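One file, work37.txt, is given below (compact mmCIF, C-alpha atoms).
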```txt
# COMPACT_ATOMS: atom_id res chain seq x y z
CA MET H 1383 53.50 4.63 -4.53
CA SER H 1384 55.02 2.54 -7.28
CA CYS H 1385 55.03 -1.22 -7.76
CA GLY H 1386 58.19 -3.08 -6.75
CA ARG H 1387 57.71 -5.56 -9.61
CA CYS H 1388 56.97 -3.34 -12.62
CA GLY H 1389 57.05 0.28 -11.39
CA GLY H 1390 53.32 0.74 -12.07
CA LEU H 1391 50.79 2.60 -9.93
CA LEU H 1392 49.72 0.97 -6.64
CA LEU H 1393 46.20 1.46 -5.29
CA ALA H 1394 45.01 0.71 -1.76
CA TYR H 1395 42.48 -2.13 -1.54
CA ASP H 1396 40.42 -3.59 1.29
CA PHE H 1397 40.21 -7.39 1.05
CA LEU H 1398 38.09 -9.79 3.05
CA GLU H 1399 40.31 -12.69 4.07
CA ALA H 1400 39.05 -15.45 6.39
CA ASP H 1401 36.11 -13.24 7.37
CA SER H 1402 38.39 -10.42 8.55
CA PRO H 1403 39.22 -7.25 6.63
CA CYS H 1404 42.76 -6.82 5.32
CA GLN H 1405 44.36 -3.78 3.72
CA ALA H 1406 46.70 -4.29 0.78
CA SER H 1407 48.07 -2.53 -2.27
CA ARG H 1408 47.48 -3.74 -5.81
CA CYS H 1409 49.31 -2.71 -8.97
CA LEU H 1410 47.14 -1.49 -11.83
CA SER H 1411 49.64 -2.70 -14.43
CA CYS H 1412 50.76 -6.19 -13.38
CA GLY H 1413 48.21 -7.04 -10.64
CA ASP H 1414 50.82 -7.67 -7.93
CA VAL H 1415 49.23 -7.62 -4.46
CA VAL H 1416 51.27 -6.60 -1.41
CA ASP H 1417 50.07 -6.66 2.20
CA ALA H 1418 51.74 -6.74 5.63
CA VAL H 1419 52.14 -10.55 5.64
CA ILE H 1420 53.68 -10.59 2.15
CA LEU H 1421 56.14 -7.84 3.13
CA GLU H 1422 57.09 -9.76 6.29
CA HIS H 1423 57.72 -12.96 4.33
CA ARG H 1424 59.83 -11.06 1.80
CA ALA H 1425 61.90 -9.54 4.62
CA PHE H 1426 62.35 -12.85 6.48
CA PRO H 1427 61.71 -15.73 4.06
CA PRO H 1428 61.11 -19.17 5.58
CA GLN H 1429 64.19 -21.36 5.57
CA PRO H 1430 64.05 -24.61 3.60
CA TYR H 1431 64.24 -27.91 5.42
CA SER H 1432 67.63 -29.51 5.50
CA ASP H 1433 67.92 -33.04 4.14
CA ALA H 1434 68.71 -34.32 7.65
CA THR H 1435 65.29 -33.29 8.98
CA LEU H 1436 63.23 -34.79 6.17
CA PRO H 1437 62.02 -38.37 6.54
CA LYS H 1438 63.41 -40.84 4.03
CA PHE H 1439 60.93 -42.95 2.06
CA ASP H 1440 61.36 -46.22 0.23
CA PRO H 1441 60.24 -45.61 -3.37
CA THR H 1442 60.09 -49.35 -4.10
CA SER H 1443 57.62 -50.20 -1.32
CA GLY H 1444 54.61 -48.94 -3.28
CA THR H 1445 53.09 -47.58 -0.07
CA GLY H 1446 55.44 -44.70 0.56
CA ALA H 1447 56.49 -46.25 3.85
CA PRO H 1448 59.34 -44.47 5.62
CA LEU H 1449 62.69 -46.21 5.84
CA ALA H 1450 63.55 -47.68 9.21
```

Once you've parsed the file, please lay out its structure as structure tokens.
Amino acid sequence: MSCGRCGGLLLAYDFLEADSPCQASRCLSCGDVVDAVILEHRAFPPQPYSDATLPKFDPTSGTGAPLA
């Protein structure tokens, strides 16, 4: 397999993440790591919040209190 970032050689690695084993691929050239979760996020990236859903804050209050 070749790396999607640089075209280098990918090797299979077993990682220990949150006390559970995880299989991933790592590029020997650039160090890019790809696993199932990363591939899923690349296929369906999270959508950014719209301005309407974010709370508005008063920068002059000094406490970061939300606007009423």

Report the distance between CA of Val1419 in chain H and CA of Ala1394 in chain H in Å, rounded to one decimal place. 15.2 Å

Mind checking which residues fall within 8 Å of Ser1411 in chain H, counting all atoms listed in the file, ignoring those fewer than 3 positions away in the same chain, and posting them as a list in words? Cys1388, Gly1390 and Leu1391 of chain H

Quick check, in Å to one decimal: how far apart do CA of Gly1389 in chain H and CA of Pro1403 in chain H lie?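 That distance, rounded to one decimal, is 26.4 Å.
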
Contact residues around range 1420-1434 of chain H with only C-alpha atoms at 12 Å, ignoring same-chain residues under 4 positions, as a list in words: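 The filter keeps Gly1386, Cys1404, Gln1405, Ala1406, Ser1407, Asp1414, Val1415, Val1416 and Lys1438 of chain H.
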
Using all atoms listed in the file, which residue out of H:Ala1418, H:Phe1439, H:Cys1409, H:Thr1445 lies closest to Ser1384 in chain H?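 Selected residue with least distance to Ser1384 in chain H: H:Cys1409.
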
Atom-to-atom span, CA of Ser1402 in chain H and CA of Arg1387 in chain H, Å: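 Taking CA of Ser1402 in chain H and CA of Arg1387 in chain H, their separation equals 27.0 Å.
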
Once N, CA and C atoms are restored for range 1422-1434 of chain H, what would the output be as a PDB file, in the coordinates of the input?
```
ATOM      1  N   GLU H1422      56.344  -9.072   5.240  1.00  0.00           N
ATOM      2  CA  GLU H1422      57.090  -9.760   6.290  1.00  0.00           C
ATOM      3  C   GLU H1422      57.788 -11.001   5.749  1.00  0.00           C
ATOM      4  N   HIS H1423      57.103 -11.764   4.913  1.00  0.00           N
ATOM      5  CA  HIS H1423      57.720 -12.960   4.330  1.00  0.00           C
ATOM      6  C   HIS H1423      58.857 -12.604   3.383  1.00  0.00           C
ATOM      7  N   ARG H1424      58.734 -11.488   2.683  1.00  0.00           N
ATOM      8  CA  ARG H1424      59.830 -11.060   1.800  1.00  0.00           C
ATOM      9  C   ARG H1424      61.043 -10.616   2.614  1.00  0.00           C
ATOM     10  N   ALA H1425      60.801 -10.012   3.773  1.00  0.00           N
ATOM     11  CA  ALA H1425      61.900  -9.540   4.620  1.00  0.00           C
ATOM     12  C   ALA H1425      62.597 -10.701   5.319  1.00  0.00           C
ATOM     13  N   PHE H1426      61.814 -11.693   5.754  1.00  0.00           N
ATOM     14  CA  PHE H1426      62.350 -12.850   6.480  1.00  0.00           C
ATOM     15  C   PHE H1426      61.783 -14.123   5.867  1.00  0.00           C
ATOM     16  N   PRO H1427      62.285 -14.554   4.713  1.00  0.00           N
ATOM     17  CA  PRO H1427      61.710 -15.730   4.060  1.00  0.00           C
ATOM     18  C   PRO H1427      61.918 -16.993   4.894  1.00  0.00           C
ATOM     19  N   PRO H1428      60.948 -17.913   4.854  1.00  0.00           N
ATOM     20  CA  PRO H1428      61.110 -19.170   5.580  1.00  0.00           C
ATOM     21  C   PRO H1428      62.316 -19.940   5.056  1.00  0.00           C
ATOM     22  N   GLN H1429      63.015 -20.594   5.952  1.00  0.00           N
ATOM     23  CA  GLN H1429      64.190 -21.360   5.570  1.00  0.00           C
ATOM     24  C   GLN H1429      63.771 -22.754   5.108  1.00  0.00           C
ATOM     25  N   PRO H1430      64.397 -23.264   4.065  1.00  0.00           N
ATOM     26  CA  PRO H1430      64.050 -24.610   3.600  1.00  0.00           C
ATOM     27  C   PRO H1430      64.510 -25.667   4.599  1.00  0.00           C
ATOM     28  N   TYR H1431      63.837 -26.798   4.570  1.00  0.00           N
ATOM     29  CA  TYR H1431      64.240 -27.910   5.420  1.00  0.00           C
ATOM     30  C   TYR H1431      65.580 -28.445   4.952  1.00  0.00           C
ATOM     31  N   SER H1432      66.388 -28.854   5.893  1.00  0.00           N
ATOM     32  CA  SER H1432      67.630 -29.510   5.500  1.00  0.00           C
ATOM     33  C   SER H1432      67.314 -30.975   5.234  1.00  0.00           C
ATOM     34  N   ASP H1433      68.140 -31.642   4.467  1.00  0.00           N
ATOM     35  CA  ASP H1433      67.920 -33.040   4.140  1.00  0.00           C
ATOM     36  C   ASP H1433      67.921 -33.915   5.388  1.00  0.00           C
ATOM     37  N   ALA H1434      68.627 -33.515   6.439  1.00  0.00           N
ATOM     38  CA  ALA H1434      68.710 -34.320   7.650  1.00  0.00           C
ATOM     39  C   ALA H1434      67.381 -34.366   8.399  1.00  0.00           C
TER      40      ALA H1434
END
```
